[in-house]
Protein chains: 2
Amino acid sequence: MPTLRDVAKLAGVHQSIVSRVLNDDKKTSVKEETRRRVLEAAEALGYWPNALARGLKLKSVGSLALVIPDISNPVYAEIIRGAEQEARRSGHFLLLASTEGTDPGELEFLQSLLEGRVDGVILANALVEDAVIDDLEAGRYPYVLVNRRSQRASRYVVADDAAGAMLAVNYLIDRGHRRIGHLAGPPTADTALTRKYGYRQAIEAAGIAFHEDLVIEGSYSTDSGRVGIRRLLSLKDPPTAVFAANLRVAAGAMDAARRTGTRIPEDLSVVAMHDTELAELLSPGLTTVRLPLEGLGREAVRMLLRVARGEPGPEQVVLLGAELVERESVSPI
Amino acid sequence: MPTLRDVAKLAGVHQSIVSRVLNDDKKTSVKEETRRRVLEAAEALGYWPNALARGLKLKSVGSLALVIPDISNPVYAEIIRGAEQEARRSGHFLLLASTEGTDPGELEFLQSLLEGRVDGVILANALVEDAVIDDLEAGRYPYVLVNRRSQRASRYVVADDAAGAMLAVNYLIDRGHRRIGHLAGPPTADTALTRKYGYRQAIEAAGIAFHEDLVIEGSYSTDSGRVGIRRLLSLKDPPTAVFAANLRVAAGAMDAARRTGTRIPEDLSVVAMHDTELAELLSPGLTTVRLPLEGLGREAVRMLLRVARGEPGPEQVVLLGAELVERESVSPI
DNA sequence: TTGAAAGCGGTACCAG
DNA sequence: CTGGTACCGCTTTCAA
């Protein structure tokens, strides 16, 4: 690997000149002829600056970390895509770290990530422990939470999950449903709580009594959907429609329902949060609520960059814009 | 951020001692009492070594890059998971870079990645241009291709796509199918070519005539599956079964087939390459061939680490172990 | 307009 | 067993 000195030698100038030319430093001027020679030499050697040395000096490496819990979840894929784009746009690399179940010991993990390797961290991990957040706050590390609120975290960007949930439930209500179940996510996840809240708001706003037993809490997994729907369908007075807290849950629920002979949408209408490829591949195509997930990733990067640069800006962002995507999983009653 | 010198000062020793203690250097010994003091000081300050400074000196940063074309593809998710695990096991970070359509200018991209930021690169990008590979070879950069063969690349790790395809097709043949279509992937993808080859091998080995018009080439997308299946079904003598080159293609095909009134598996049997969550969520559940994708990721990391360390080892690895996963998308004829 | 030199935060070699 | 020092490759201030 050629270094600055190599280029300098070939161009017959001092390395500091090379540095100035290559970074095209406005503060000092370089003779046109010299600049040309330097550029040529750099080109000839295929010179590329060493990011480590640069970062060491400048105390900024030009990369950000995005920590997610699980790569195979398409929800994260969208957040990642948005973050990637924005990072690239601003000349940064995105270092993706998936905790993939290896969730504990995260602190050490973050430490080694932060110590020079990246300029800041975005935590898309729905399950970060409060201790981790406290530590980040204490260390004054540049970080932002995405898709998760927290009392202790000063910065986060989230979607309007409550509005999304209400959109879904109102859609069902508008079609005449009164007994509407909710397959909720894990009570440990902020998004799950918020969606459940939205569900309840919509129900009560329509003057329908809220029934605790129509809400089944589980995890964000297909199996959870399967288990949940069985419980709902075995109720003496089962719901005519369900709102699933995410797509996987809905998929599991549809699968399990079908296996017990329940037809969708004739016997049971289904609406789910999140709209990914899967929604249209299921049959019947699933009616969903689309949240601006890519936007979440984008905003998180923007906010992080602001924090890292010490610039002012909003500390909490709620991205509006939930949208209903109609397919064939709902029938009027 | 405390530095080595800070720790040294607090412990009342020289920084070089601190370095030795913290890296627990076997070559020089340190008095037990001193060691304790150093450890305490480091703990008290919350010291963590700066990865950049370390990397600059050691010419190795402890991170690897994995370049993929598209995060939302679950096939890559599995490769990523395997790579992550192996990287972590060996104390490395995995820097994930998704080209996400931004495919050109890859060279520059790789350059800036390689220049110090990572110790090597794994290219899971099925569409890397040969020029890129030539350049990597020329630059003697540590790199490995995964899930793609190449004449010009000296190192790659792939699955046994041909055997997998044969497994799928033979399964259909065993159940009495003779007219078997193939929804192939893009001719630019090595995996697609290999699977097509496997398909043909299986067909001919069974003494069935190979019909060019039963093979539809497309891309690895759901839409391609939709288009392809329509063409196959509109043949004067349509196939009774199809082998889809990947799961997305199969999902699209099933969707389109169903919409034209074709029942699966009664009218048309379907087998697809790859087994992800989607396969069991579709209805009917899709019979698939599972390739050792996680293993691919793992092996790629191992190989890359060997290359980076200049150790000897195999240059091409073909990971065996395709496996048929039976569900409900095939009926005997 | 250019050159010299210091220093970012470590590691490792050599001397004591 | 411990301290001093050079250096990894770059940026930047100060002098010439």
# chains A, B, ... in the order shown; residues from 1 in each chain; ligands from 1
>>> residues_around(residues="DA15 (chain D)", least_positions_apart="2", cutoff="10 Å", atoms="only C-alpha atoms (C1' of nucleotides)", output="ChimeraX atom specification")
/C:3-4 /D:13
>>> write_last_selection(atoms="all heavy atoms", output="PDB file, in the first residue's frame")
ATOM      1  P    DG C   3       8.730  21.218  -0.676  1.00  0.00           P
ATOM      2  OP1  DG C   3       9.915  20.698  -1.397  1.00  0.00           O
ATOM      3  OP2  DG C   3       7.457  20.473  -0.690  1.00  0.00           O
ATOM      4  O5'  DG C   3       9.157  21.494   0.831  1.00  0.00           O
ATOM      5  C5'  DG C   3      10.267  22.346   1.070  1.00  0.00           C
ATOM      6  C4'  DG C   3      10.633  22.328   2.526  1.00  0.00           C
ATOM      7  O4'  DG C   3       9.611  23.029   3.285  1.00  0.00           O
ATOM      8  C3'  DG C   3      10.741  20.934   3.156  1.00  0.00           C
ATOM      9  O3'  DG C   3      11.888  20.942   3.995  1.00  0.00           O
ATOM     10  C2'  DG C   3       9.447  20.779   3.950  1.00  0.00           C
ATOM     11  C1'  DG C   3       9.141  22.214   4.354  1.00  0.00           C
ATOM     12  N9   DG C   3       7.731  22.527   4.480  1.00  0.00           N
ATOM     13  C8   DG C   3       6.755  22.299   3.551  1.00  0.00           C
ATOM     14  N7   DG C   3       5.570  22.727   3.916  1.00  0.00           N
ATOM     15  C5   DG C   3       5.782  23.269   5.178  1.00  0.00           C
ATOM     16  C6   DG C   3       4.864  23.885   6.069  1.00  0.00           C
ATOM     17  O6   DG C   3       3.668  24.080   5.920  1.00  0.00           O
ATOM     18  N1   DG C   3       5.500  24.294   7.250  1.00  0.00           N
ATOM     19  C2   DG C   3       6.829  24.140   7.515  1.00  0.00           C
ATOM     20  N2   DG C   3       7.241  24.595   8.683  1.00  0.00           N
ATOM     21  N3   DG C   3       7.701  23.570   6.684  1.00  0.00           N
ATOM     22  C4   DG C   3       7.113  23.158   5.538  1.00  0.00           C
ATOM     23  P    DA C   4      12.367  19.600   4.697  1.00  0.00           P
ATOM     24  OP1  DA C   4      13.817  19.497   4.445  1.00  0.00           O
ATOM     25  OP2  DA C   4      11.463  18.496   4.295  1.00  0.00           O
ATOM     26  O5'  DA C   4      12.116  19.906   6.235  1.00  0.00           O
ATOM     27  C5'  DA C   4      12.067  21.252   6.691  1.00  0.00           C
ATOM     28  C4'  DA C   4      11.777  21.275   8.191  1.00  0.00           C
ATOM     29  O4'  DA C   4      10.389  21.645   8.400  1.00  0.00           O
ATOM     30  C3'  DA C   4      11.973  19.947   8.932  1.00  0.00           C
ATOM     31  O3'  DA C   4      12.475  20.259  10.216  1.00  0.00           O
ATOM     32  C2'  DA C   4      10.567  19.360   8.950  1.00  0.00           C
ATOM     33  C1'  DA C   4       9.703  20.608   9.087  1.00  0.00           C
ATOM     34  N9   DA C   4       8.387  20.528   8.461  1.00  0.00           N
ATOM     35  C8   DA C   4       8.076  19.957   7.254  1.00  0.00           C
ATOM     36  N7   DA C   4       6.801  20.060   6.927  1.00  0.00           N
ATOM     37  C5   DA C   4       6.246  20.750   7.991  1.00  0.00           C
ATOM     38  C6   DA C   4       4.932  21.185   8.255  1.00  0.00           C
ATOM     39  N6   DA C   4       3.907  20.976   7.419  1.00  0.00           N
ATOM     40  N1   DA C   4       4.703  21.843   9.408  1.00  0.00           N
ATOM     41  C2   DA C   4       5.739  22.057  10.240  1.00  0.00           C
ATOM     42  N3   DA C   4       7.029  21.708  10.090  1.00  0.00           N
ATOM     43  C4   DA C   4       7.204  21.045   8.937  1.00  0.00           C
TER      44       DA C   4
ATOM     45  P    DT D  13      -4.130  24.235  12.252  1.00  0.00           P
ATOM     46  OP1  DT D  13      -5.480  24.137  12.847  1.00  0.00           O
ATOM     47  OP2  DT D  13      -3.941  24.864  10.929  1.00  0.00           O
ATOM     48  O5'  DT D  13      -3.144  24.938  13.293  1.00  0.00           O
ATOM     49  C5'  DT D  13      -2.579  24.176  14.360  1.00  0.00           C
ATOM     50  C4'  DT D  13      -1.103  24.471  14.482  1.00  0.00           C
ATOM     51  O4'  DT D  13      -0.365  23.711  13.492  1.00  0.00           O
ATOM     52  C3'  DT D  13      -0.745  25.946  14.264  1.00  0.00           C
ATOM     53  O3'  DT D  13       0.109  26.365  15.313  1.00  0.00           O
ATOM     54  C2'  DT D  13      -0.033  25.959  12.912  1.00  0.00           C
ATOM     55  C1'  DT D  13       0.585  24.568  12.888  1.00  0.00           C
ATOM     56  N1   DT D  13       0.849  24.004  11.534  1.00  0.00           N
ATOM     57  C2   DT D  13       2.059  23.394  11.292  1.00  0.00           C
ATOM     58  O2   DT D  13       2.939  23.299  12.129  1.00  0.00           O
ATOM     59  N3   DT D  13       2.209  22.891  10.016  1.00  0.00           N
ATOM     60  C4   DT D  13       1.279  22.943   8.987  1.00  0.00           C
ATOM     61  O4   DT D  13       1.540  22.449   7.901  1.00  0.00           O
ATOM     62  C5   DT D  13       0.035  23.593   9.311  1.00  0.00           C
ATOM     63  C7   DT D  13      -1.018  23.704   8.261  1.00  0.00           C
ATOM     64  C6   DT D  13      -0.127  24.093  10.547  1.00  0.00           C
TER      65       DT D  13
END
>>> residues_around(residues="Ile68 (chain B)", least_positions_apart="5", cutoff="9 Å", atoms="only C-alpha atoms (C1' of nucleotides)", output="ChimeraX atom specification")
/B:76,80,96-100,122-126
>>> write_last_selection(atoms="N, CA and C atoms", output="mmCIF file, in the first residue's frame")
data_model
loop_
_atom_site.group_PDB
_atom_site.id
_atom_site.type_symbol
_atom_site.label_atom_id
_atom_site.label_comp_id
_atom_site.auth_asym_id
_atom_site.auth_seq_id
_atom_site.Cartn_x
_atom_site.Cartn_y
_atom_site.Cartn_z
ATOM 1 N N TYR B 76 -29.691 -13.865 1.757
ATOM 2 C CA TYR B 76 -28.518 -13.199 2.285
ATOM 3 C C TYR B 76 -28.554 -13.147 3.800
ATOM 4 N N ILE B 80 -25.446 -13.984 6.051
ATOM 5 C CA ILE B 80 -24.983 -12.989 7.009
ATOM 6 C C ILE B 80 -24.914 -13.577 8.414
ATOM 7 N N LEU B 96 -21.144 -4.702 7.470
ATOM 8 C CA LEU B 96 -22.036 -5.110 6.401
ATOM 9 C C LEU B 96 -22.265 -3.956 5.451
ATOM 10 N N ALA B 97 -22.018 -4.178 4.194
ATOM 11 C CA ALA B 97 -22.286 -3.124 3.229
ATOM 12 C C ALA B 97 -23.236 -3.647 2.179
ATOM 13 N N SER B 98 -24.350 -2.987 2.049
ATOM 14 C CA SER B 98 -25.311 -3.401 1.043
ATOM 15 C C SER B 98 -25.215 -2.447 -0.129
ATOM 16 N N THR B 99 -25.009 -3.005 -1.317
ATOM 17 C CA THR B 99 -24.869 -2.120 -2.470
ATOM 18 C C THR B 99 -26.234 -1.646 -2.939
ATOM 19 N N GLU B 100 -27.254 -2.430 -2.644
ATOM 20 C CA GLU B 100 -28.650 -2.005 -2.832
ATOM 21 C C GLU B 100 -28.876 -1.284 -4.161
ATOM 22 N N ILE B 122 -15.616 -9.956 1.971
ATOM 23 C CA ILE B 122 -16.352 -11.073 1.401
ATOM 24 C C ILE B 122 -17.389 -10.496 0.450
ATOM 25 N N LEU B 123 -17.374 -10.970 -0.752
ATOM 26 C CA LEU B 123 -18.336 -10.472 -1.732
ATOM 27 C C LEU B 123 -19.437 -11.490 -1.946
ATOM 28 N N ALA B 124 -20.593 -11.204 -1.394
ATOM 29 C CA ALA B 124 -21.722 -12.095 -1.591
ATOM 30 C C ALA B 124 -22.551 -11.563 -2.745
ATOM 31 N N ASN B 125 -22.028 -10.563 -3.379
ATOM 32 C CA ASN B 125 -22.748 -9.927 -4.461
ATOM 33 C C ASN B 125 -22.703 -10.808 -5.695
ATOM 34 N N ALA B 126 -23.842 -11.308 -6.082
ATOM 35 C CA ALA B 126 -23.874 -12.220 -7.215
ATOM 36 C C ALA B 126 -23.477 -11.524 -8.509
#
>>> closest_residue(among="B:Ala205, B:Leu324, B:Ile17, B:Leu113", to="DG3 (chain D)", atoms="only C-alpha atoms (C1' of nucleotides)")
B:Ile17
>>> atom_distance(atom1="CA of Arg259 (chain B)", atom2="CA of Arg290 (chain A)")
24.5 Å
>>> select_by_dssp(residues="region 120-332 of chain B", states="strand (DSSP E)", output="NGL selection string")
:B and (121-123 or 143-146 or 156-159 or 180-184 or 215-217 or 241-244 or 269-273 or 287-290 or 316-319 or 323-325)
>>> write_last_selection(atoms="N, CA and C atoms", output="mmCIF file, in the first residue's frame")
data_model
loop_
_atom_site.group_PDB
_atom_site.id
_atom_site.type_symbol
_atom_site.label_atom_id
_atom_site.label_comp_id
_atom_site.auth_asym_id
_atom_site.auth_seq_id
_atom_site.Cartn_x
_atom_site.Cartn_y
_atom_site.Cartn_z
ATOM 1 N N VAL B 121 -12.419 -8.615 2.617
ATOM 2 C CA VAL B 121 -13.781 -8.437 2.129
ATOM 3 C C VAL B 121 -14.372 -9.738 1.607
ATOM 4 N N ILE B 122 -15.616 -9.956 1.971
ATOM 5 C CA ILE B 122 -16.352 -11.073 1.401
ATOM 6 C C ILE B 122 -17.389 -10.496 0.450
ATOM 7 N N LEU B 123 -17.374 -10.970 -0.752
ATOM 8 C CA LEU B 123 -18.336 -10.472 -1.732
ATOM 9 C C LEU B 123 -19.437 -11.490 -1.946
ATOM 10 N N TYR B 143 -9.630 -11.254 -0.094
ATOM 11 C CA TYR B 143 -11.059 -11.255 -0.408
ATOM 12 C C TYR B 143 -11.507 -12.668 -0.723
ATOM 13 N N VAL B 144 -12.788 -12.895 -0.584
ATOM 14 C CA VAL B 144 -13.385 -14.184 -0.889
ATOM 15 C C VAL B 144 -14.748 -13.947 -1.505
ATOM 16 N N LEU B 145 -15.066 -14.735 -2.519
ATOM 17 C CA LEU B 145 -16.406 -14.675 -3.095
ATOM 18 C C LEU B 145 -17.274 -15.686 -2.382
ATOM 19 N N VAL B 146 -18.513 -15.360 -2.163
ATOM 20 C CA VAL B 146 -19.390 -16.365 -1.579
ATOM 21 C C VAL B 146 -20.657 -16.492 -2.410
ATOM 22 N N TYR B 156 -13.315 -18.867 -3.618
ATOM 23 C CA TYR B 156 -14.755 -18.733 -3.434
ATOM 24 C C TYR B 156 -15.295 -19.894 -2.630
ATOM 25 N N VAL B 157 -16.432 -19.674 -2.015
ATOM 26 C CA VAL B 157 -17.135 -20.769 -1.375
ATOM 27 C C VAL B 157 -18.585 -20.730 -1.838
ATOM 28 N N VAL B 158 -19.018 -21.875 -2.321
ATOM 29 C CA VAL B 158 -20.367 -21.981 -2.871
ATOM 30 C C VAL B 158 -21.062 -23.227 -2.329
ATOM 31 N N ALA B 159 -22.365 -23.271 -2.503
ATOM 32 C CA ALA B 159 -23.109 -24.468 -2.138
ATOM 33 C C ALA B 159 -23.166 -25.374 -3.354
ATOM 34 N N ILE B 180 -41.761 -31.456 -16.596
ATOM 35 C CA ILE B 180 -41.356 -30.610 -15.470
ATOM 36 C C ILE B 180 -40.745 -29.314 -15.981
ATOM 37 N N GLY B 181 -41.353 -28.209 -15.596
ATOM 38 C CA GLY B 181 -40.821 -26.917 -16.035
ATOM 39 C C GLY B 181 -39.766 -26.403 -15.075
ATOM 40 N N HIS B 182 -39.045 -25.418 -15.548
ATOM 41 C CA HIS B 182 -38.044 -24.797 -14.667
ATOM 42 C C HIS B 182 -38.119 -23.281 -14.796
ATOM 43 N N LEU B 183 -38.411 -22.646 -13.675
ATOM 44 C CA LEU B 183 -38.369 -21.186 -13.640
ATOM 45 C C LEU B 183 -36.970 -20.820 -13.181
ATOM 46 N N ALA B 184 -36.141 -20.470 -14.155
ATOM 47 C CA ALA B 184 -34.724 -20.258 -13.866
ATOM 48 C C ALA B 184 -34.453 -18.823 -13.453
ATOM 49 N N VAL B 215 -38.170 -24.261 -19.991
ATOM 50 C CA VAL B 215 -37.288 -23.476 -19.131
ATOM 51 C C VAL B 215 -37.494 -21.995 -19.416
ATOM 52 N N ILE B 216 -37.899 -21.263 -18.390
ATOM 53 C CA ILE B 216 -38.102 -19.830 -18.555
ATOM 54 C C ILE B 216 -37.062 -19.102 -17.728
ATOM 55 N N GLU B 217 -36.265 -18.327 -18.383
ATOM 56 C CA GLU B 217 -35.275 -17.558 -17.635
ATOM 57 C C GLU B 217 -35.852 -16.215 -17.229
ATOM 58 N N ALA B 241 -45.529 -29.986 -13.275
ATOM 59 C CA ALA B 241 -44.737 -29.590 -12.097
ATOM 60 C C ALA B 241 -43.680 -28.589 -12.513
ATOM 61 N N VAL B 242 -43.283 -27.738 -11.568
ATOM 62 C CA VAL B 242 -42.174 -26.829 -11.857
ATOM 63 C C VAL B 242 -41.176 -26.823 -10.715
ATOM 64 N N PHE B 243 -39.947 -26.593 -11.117
ATOM 65 C CA PHE B 243 -38.876 -26.386 -10.151
ATOM 66 C C PHE B 243 -38.482 -24.915 -10.272
ATOM 67 N N ALA B 244 -38.674 -24.155 -9.196
ATOM 68 C CA ALA B 244 -38.360 -22.726 -9.222
ATOM 69 C C ALA B 244 -36.969 -22.491 -8.640
ATOM 70 N N SER B 269 -47.630 -29.060 -9.426
ATOM 71 C CA SER B 269 -46.749 -29.241 -8.267
ATOM 72 C C SER B 269 -45.605 -28.244 -8.342
ATOM 73 N N VAL B 270 -45.163 -27.793 -7.172
ATOM 74 C CA VAL B 270 -44.087 -26.799 -7.139
ATOM 75 C C VAL B 270 -43.021 -27.198 -6.116
ATOM 76 N N VAL B 271 -41.784 -27.121 -6.559
ATOM 77 C CA VAL B 271 -40.659 -27.280 -5.633
ATOM 78 C C VAL B 271 -39.752 -26.090 -5.871
ATOM 79 N N ALA B 272 -39.167 -25.570 -4.815
ATOM 80 C CA ALA B 272 -38.302 -24.406 -4.990
ATOM 81 C C ALA B 272 -36.966 -24.584 -4.292
ATOM 82 N N MET B 273 -36.008 -23.854 -4.787
ATOM 83 C CA MET B 273 -34.724 -23.811 -4.112
ATOM 84 C C MET B 273 -34.832 -22.812 -2.972
ATOM 85 N N THR B 287 -42.756 -27.113 -0.700
ATOM 86 C CA THR B 287 -41.675 -28.088 -0.610
ATOM 87 C C THR B 287 -40.419 -27.462 -1.208
ATOM 88 N N THR B 288 -39.337 -27.538 -0.466
ATOM 89 C CA THR B 288 -38.127 -26.823 -0.886
ATOM 90 C C THR B 288 -36.867 -27.665 -0.751
ATOM 91 N N VAL B 289 -35.814 -27.145 -1.286
ATOM 92 C CA VAL B 289 -34.493 -27.721 -1.052
ATOM 93 C C VAL B 289 -33.708 -26.717 -0.225
ATOM 94 N N ARG B 290 -33.222 -27.179 0.883
ATOM 95 C CA ARG B 290 -32.490 -26.304 1.794
ATOM 96 C C ARG B 290 -31.000 -26.409 1.519
ATOM 97 N N GLN B 316 -10.916 -23.138 -3.113
ATOM 98 C CA GLN B 316 -12.316 -23.186 -3.498
ATOM 99 C C GLN B 316 -13.009 -24.197 -2.605
ATOM 100 N N VAL B 317 -14.122 -23.819 -2.072
ATOM 101 C CA VAL B 317 -14.865 -24.745 -1.233
ATOM 102 C C VAL B 317 -16.267 -24.901 -1.782
ATOM 103 N N VAL B 318 -16.677 -26.139 -1.970
ATOM 104 C CA VAL B 318 -18.062 -26.400 -2.344
ATOM 105 C C VAL B 318 -18.700 -27.093 -1.149
ATOM 106 N N LEU B 319 -19.628 -26.411 -0.534
ATOM 107 C CA LEU B 319 -20.264 -26.943 0.667
ATOM 108 C C LEU B 319 -21.375 -27.897 0.282
ATOM 109 N N GLU B 323 -30.679 -30.479 1.062
ATOM 110 C CA GLU B 323 -31.612 -31.279 1.856
ATOM 111 C C GLU B 323 -33.042 -30.957 1.434
ATOM 112 N N LEU B 324 -33.851 -31.974 1.250
ATOM 113 C CA LEU B 324 -35.220 -31.716 0.816
ATOM 114 C C LEU B 324 -36.160 -31.528 2.009
ATOM 115 N N VAL B 325 -36.942 -30.461 1.958
ATOM 116 C CA VAL B 325 -37.900 -30.206 3.031
ATOM 117 C C VAL B 325 -39.307 -30.374 2.464
#
>>> atom_distance(atom1="CA of Glu212 (chain A)", atom2="CA of Glu266 (chain A)")
24.6 Å
>>> interface_residues(of="chain D", to="chain B", cutoff="8 Å", atoms="only C-alpha atoms (C1' of nucleotides)", output="short mmCIF file (atom, residue, chain, number, x, y, z; two decimals) with N, CA, C and O atoms (P, O5', C5', C4', C3', O3' and C1' of nucleotides), in the first residue's frame")
data_model
loop_
_atom_site.label_atom_id
_atom_site.label_comp_id
_atom_site.auth_asym_id
_atom_site.auth_seq_id
_atom_site.Cartn_x
_atom_site.Cartn_y
_atom_site.Cartn_z
P DC D 1 9.10 -11.12 37.42
"O5'" DC D 1 9.51 -9.62 37.10
"C5'" DC D 1 9.38 -8.67 38.13
"C4'" DC D 1 9.87 -7.35 37.63
"C3'" DC D 1 8.81 -6.50 36.93
"O3'" DC D 1 8.59 -5.36 37.77
"C1'" DC D 1 10.93 -6.39 35.82
P DT D 2 7.45 -4.33 37.49
"O5'" DT D 2 8.21 -3.24 36.65
"C5'" DT D 2 9.21 -2.45 37.29
"C4'" DT D 2 9.83 -1.52 36.29
"C3'" DT D 2 8.86 -0.60 35.56
"O3'" DT D 2 9.18 0.72 35.95
"C1'" DT D 2 10.46 -1.52 34.08
P DG D 3 8.28 1.97 35.44
"O5'" DG D 3 9.27 2.58 34.36
"C5'" DG D 3 10.59 2.92 34.77
"C4'" DG D 3 11.36 3.48 33.59
"C3'" DG D 3 10.61 4.55 32.80
"O3'" DG D 3 11.53 5.63 32.58
"C1'" DG D 3 11.29 2.80 31.35
P DC D 8 7.01 3.86 10.21
"O5'" DC D 8 5.59 3.21 9.99
"C5'" DC D 8 5.20 1.96 10.53
"C4'" DC D 8 3.71 1.99 10.78
"C3'" DC D 8 2.98 2.99 9.89
"O3'" DC D 8 2.41 2.30 8.79
"C1'" DC D 8 2.28 3.15 12.20
P DG D 9 2.65 2.81 7.31
"O5'" DG D 9 1.65 4.05 7.20
"C5'" DG D 9 0.25 3.82 7.25
"C4'" DG D 9 -0.46 5.14 7.28
"C3'" DG D 9 -0.07 6.12 6.16
"O3'" DG D 9 -1.26 6.61 5.59
"C1'" DG D 9 0.11 7.17 8.26
#
>>> interface_residues(of="chain B", to="chain A", cutoff="8 Å", atoms="only C-alpha atoms", output="PyMOL selection string")
chain B and resi 48-53+55-56+71-72+74+77-78+80-81+84+93-98+100+111-112+115-117+251-252+255+278+281-283
>>> closest_residue(among="A:Arg149, A:Lys9, A:Arg20, A:Arg302", to="DT2 (chain C)", atoms="only C-alpha atoms (C1' of nucleotides)")
A:Arg20
>>> interface_residues(of="chain C", to="chain A", cutoff="12 Å", atoms="only C-alpha atoms (C1' of nucleotides)", output="compact mmCIF listing (two decimals) with N, CA, C and O atoms (P, O5', C5', C4', C3', O3' and C1' of nucleotides), in the first residue's frame")
# COMPACT_ATOMS: atom_id res chain seq x y z
P DT C 1 0.35 30.48 -4.73
O5' DT C 1 1.58 29.72 -4.08
C5' DT C 1 2.71 29.46 -4.88
C4' DT C 1 3.71 28.76 -4.01
C3' DT C 1 3.39 27.30 -3.70
O3' DT C 1 4.32 26.50 -4.41
C1' DT C 1 4.23 28.47 -1.79
P DT C 2 4.38 24.95 -4.27
O5' DT C 2 5.25 24.74 -2.96
C5' DT C 2 6.65 24.89 -3.05
C4' DT C 2 7.24 24.68 -1.69
C3' DT C 2 7.17 23.25 -1.15
O3' DT C 2 8.47 22.71 -1.20
C1' DT C 2 6.73 24.88 0.55
P DG C 3 8.73 21.22 -0.68
O5' DG C 3 9.16 21.49 0.83
C5' DG C 3 10.27 22.35 1.07
C4' DG C 3 10.63 22.33 2.53
C3' DG C 3 10.74 20.93 3.16
O3' DG C 3 11.89 20.94 3.99
C1' DG C 3 9.14 22.21 4.35
P DA C 4 12.37 19.60 4.70
O5' DA C 4 12.12 19.91 6.23
C5' DA C 4 12.07 21.25 6.69
C4' DA C 4 11.78 21.27 8.19
C3' DA C 4 11.97 19.95 8.93
O3' DA C 4 12.48 20.26 10.22
C1' DA C 4 9.70 20.61 9.09
P DA C 5 12.79 19.10 11.29
O5' DA C 5 11.43 19.13 12.12
C5' DA C 5 10.91 20.38 12.56
C4' DA C 5 9.74 20.11 13.50
C3' DA C 5 9.86 18.82 14.30
O3' DA C 5 9.22 19.04 15.54
C1' DA C 5 7.94 18.70 12.99
P DA C 6 9.45 18.05 16.75
O5' DA C 6 8.06 18.21 17.52
C5' DA C 6 7.33 19.44 17.40
C4' DA C 6 5.85 19.13 17.57
C3' DA C 6 5.57 17.99 18.54
O3' DA C 6 4.44 18.33 19.32
C1' DA C 6 4.63 17.48 16.45
P DG C 7 4.16 17.52 20.65
O5' DG C 7 2.91 16.66 20.17
C5' DG C 7 1.78 17.32 19.61
C4' DG C 7 0.85 16.26 19.07
C3' DG C 7 0.76 15.01 19.97
O3' DG C 7 -0.61 14.64 20.06
C1' DG C 7 1.26 14.38 17.79
P DC C 8 -1.13 13.94 21.35
O5' DC C 8 -2.44 13.22 20.83
C5' DC C 8 -3.41 13.87 20.02
C4' DC C 8 -4.03 12.84 19.11
C3' DC C 8 -4.09 11.46 19.75
O3' DC C 8 -5.39 11.26 20.29
C1' DC C 8 -3.26 11.38 17.46
P DG C 9 -5.52 10.82 21.81
O5' DG C 9 -5.13 9.28 21.76
C5' DG C 9 -5.96 8.37 21.07
C4' DG C 9 -5.28 7.04 21.00
C3' DG C 9 -4.82 6.48 22.34
O3' DG C 9 -5.17 5.11 22.38
C1' DG C 9 -3.05 6.45 20.83
P DG C 10 -5.15 4.30 23.67
O5' DG C 10 -4.87 2.85 23.05
C5' DG C 10 -3.62 2.25 23.27
C4' DG C 10 -3.04 1.82 21.94
C3' DG C 10 -1.96 0.78 22.08
O3' DG C 10 -2.53 -0.48 21.76
C1' DG C 10 -1.24 2.60 20.69
